[in-house]
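In what follows, a structure is listed as structure tokens, so that the remarks can point back to it.
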Amino acid sequence: MNKGFIRTVQKFDATGESLGRLATKIAIALRGKDQAEYQPHLDRGSIVEVTNIDQVKITGKKLDQKVYHSFSGYPGGLKTRKMSKIFSENPADVLVRAVREMLPDTRLRKGMMKRLNIK
């Protein structure tokens, strides 16, 4: 890594913020696209801290209609869960899923997701 590079900490408050708009801001900060020295092949993003995730605003009928799928790879291994159930159990999991899908599917994504702290 470059010796002169220092990671910054960005804090986001989720109170009254739309889930998708908050997720895009977080993804941009984790990727480092808001910095002047951005390069797509380097992981130079910020550390992101999010607070009050249980007060995030989910618009429309997403809580009742949006379904998350997970497939184990075996026949009959498709599991579906509604967004309302996941949000009631752990609101942070909904944000993590949204941010994860907005980041590029490369080797760098795992390191970027480690810098996402939800309190």
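Going by the structure tokens order, chains are called A, B, ..., each with residues numbered from 1, while ligands are numbered from 1 in the order shown.
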
Please return as a CSV table (one decimal) with C-alpha atoms, in the first residue's frame: the residues of stretch 15-96 of chain A that backbone DSSP assigns to strand (DSSP E).
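Written output follows (out-v5.csv):
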chain,number,residue,atom,x,y,z
A,47,ILE,CA,-14.4,3.5,7.1
A,48,VAL,CA,-18.2,3.9,7.4
A,49,GLU,CA,-20.2,4.0,10.6
A,50,VAL,CA,-24.0,4.0,10.5
A,51,THR,CA,-26.3,4.7,13.5
A,67,VAL,CA,-38.4,-11.3,-1.2
A,68,TYR,CA,-34.8,-12.3,-0.6
A,69,HIS,CA,-33.7,-15.6,-2.0
A,70,SER,CA,-30.8,-17.9,-0.9
A,71,PHE,CA,-29.9,-21.1,-2.7
A,78,LEU,CA,-34.1,-22.5,-2.5
A,79,LYS,CA,-35.2,-20.5,0.6
A,80,THR,CA,-37.2,-17.3,0.4
A,81,ARG,CA,-37.8,-14.7,3.2
A,82,LYS,CA,-39.8,-11.5,3.1

### Task
Pick out the closest residue to A:Lys114 from this set: A:Val96, A:Met102, A:Leu63, A:Leu19. Count only C-alpha atoms.
A:Val96

### Task
Work out how far apart atom CA of A:Met113 and atom CA of A:Leu95 are and give it in Å to one decimal.
11.4 Å

### Closest of A:Met112, A:Ile118, A:Ala36, A:Leu103 to A:Asp13 - atom-to-atom distances counting only C-alpha atoms
A:Ile118

#### Entry: Which residue of A:Asn90, A:Gln35, A:Thr24, A:Thr15 approaches A:Val56 most closely, using only C-alpha atoms
A:Thr15

### Query
Within 12 Å of A:Ser46, counting only C-alpha atoms, which residues qualify if same-chain residues fewer than 6 places away don't, as a list in words?
Phe5, Ile6, Arg7, Thr8, Val9, Gln10, Lys11, Lys25, Ile26, Ala27, Ile28, Ala29, Leu30, Arg31, Gly32, Lys33, Asp34, Gln35, Tyr38, Gly111, Met112, Met113, Lys114, Arg115, Leu116 and Asn117 of chain A

How about saving the chosen residues, C-alpha atoms kept, as an mmCIF file, in the first residue's frame?
data_model
loop_
_atom_site.group_PDB
_atom_site.id
_atom_site.type_symbol
_atom_site.label_atom_id
_atom_site.label_comp_id
_atom_site.auth_asym_id
_atom_site.auth_seq_id
_atom_site.Cartn_x
_atom_site.Cartn_y
_atom_site.Cartn_z
ATOM 1 C CA PHE A 5 -2.611 6.969 2.385
ATOM 2 C CA ILE A 6 -4.793 7.474 5.483
ATOM 3 C CA ARG A 7 -8.347 6.132 5.745
ATOM 4 C CA THR A 8 -11.006 8.585 6.832
ATOM 5 C CA VAL A 9 -14.061 7.766 8.952
ATOM 6 C CA GLN A 10 -17.460 8.798 7.625
ATOM 7 C CA LYS A 11 -20.511 8.707 9.870
ATOM 8 C CA LYS A 25 -24.015 6.981 -0.220
ATOM 9 C CA ILE A 26 -22.407 4.210 1.831
ATOM 10 C CA ALA A 27 -21.316 2.256 -1.254
ATOM 11 C CA ILE A 28 -19.677 5.353 -2.765
ATOM 12 C CA ALA A 29 -17.817 6.043 0.488
ATOM 13 C CA LEU A 30 -16.675 2.404 0.875
ATOM 14 C CA ARG A 31 -15.450 2.319 -2.709
ATOM 15 C CA GLY A 32 -13.634 5.646 -2.385
ATOM 16 C CA LYS A 33 -15.299 7.319 -5.346
ATOM 17 C CA ASP A 34 -15.782 10.505 -3.338
ATOM 18 C CA GLN A 35 -12.023 11.014 -3.025
ATOM 19 C CA TYR A 38 -9.867 7.217 -6.643
ATOM 20 C CA GLY A 111 -12.473 -5.810 2.353
ATOM 21 C CA MET A 112 -14.927 -3.007 1.661
ATOM 22 C CA MET A 113 -17.704 -4.764 3.563
ATOM 23 C CA LYS A 114 -15.409 -5.248 6.577
ATOM 24 C CA ARG A 115 -15.151 -1.473 6.881
ATOM 25 C CA LEU A 116 -18.935 -1.082 7.228
ATOM 26 C CA ASN A 117 -19.834 -0.703 10.936
#
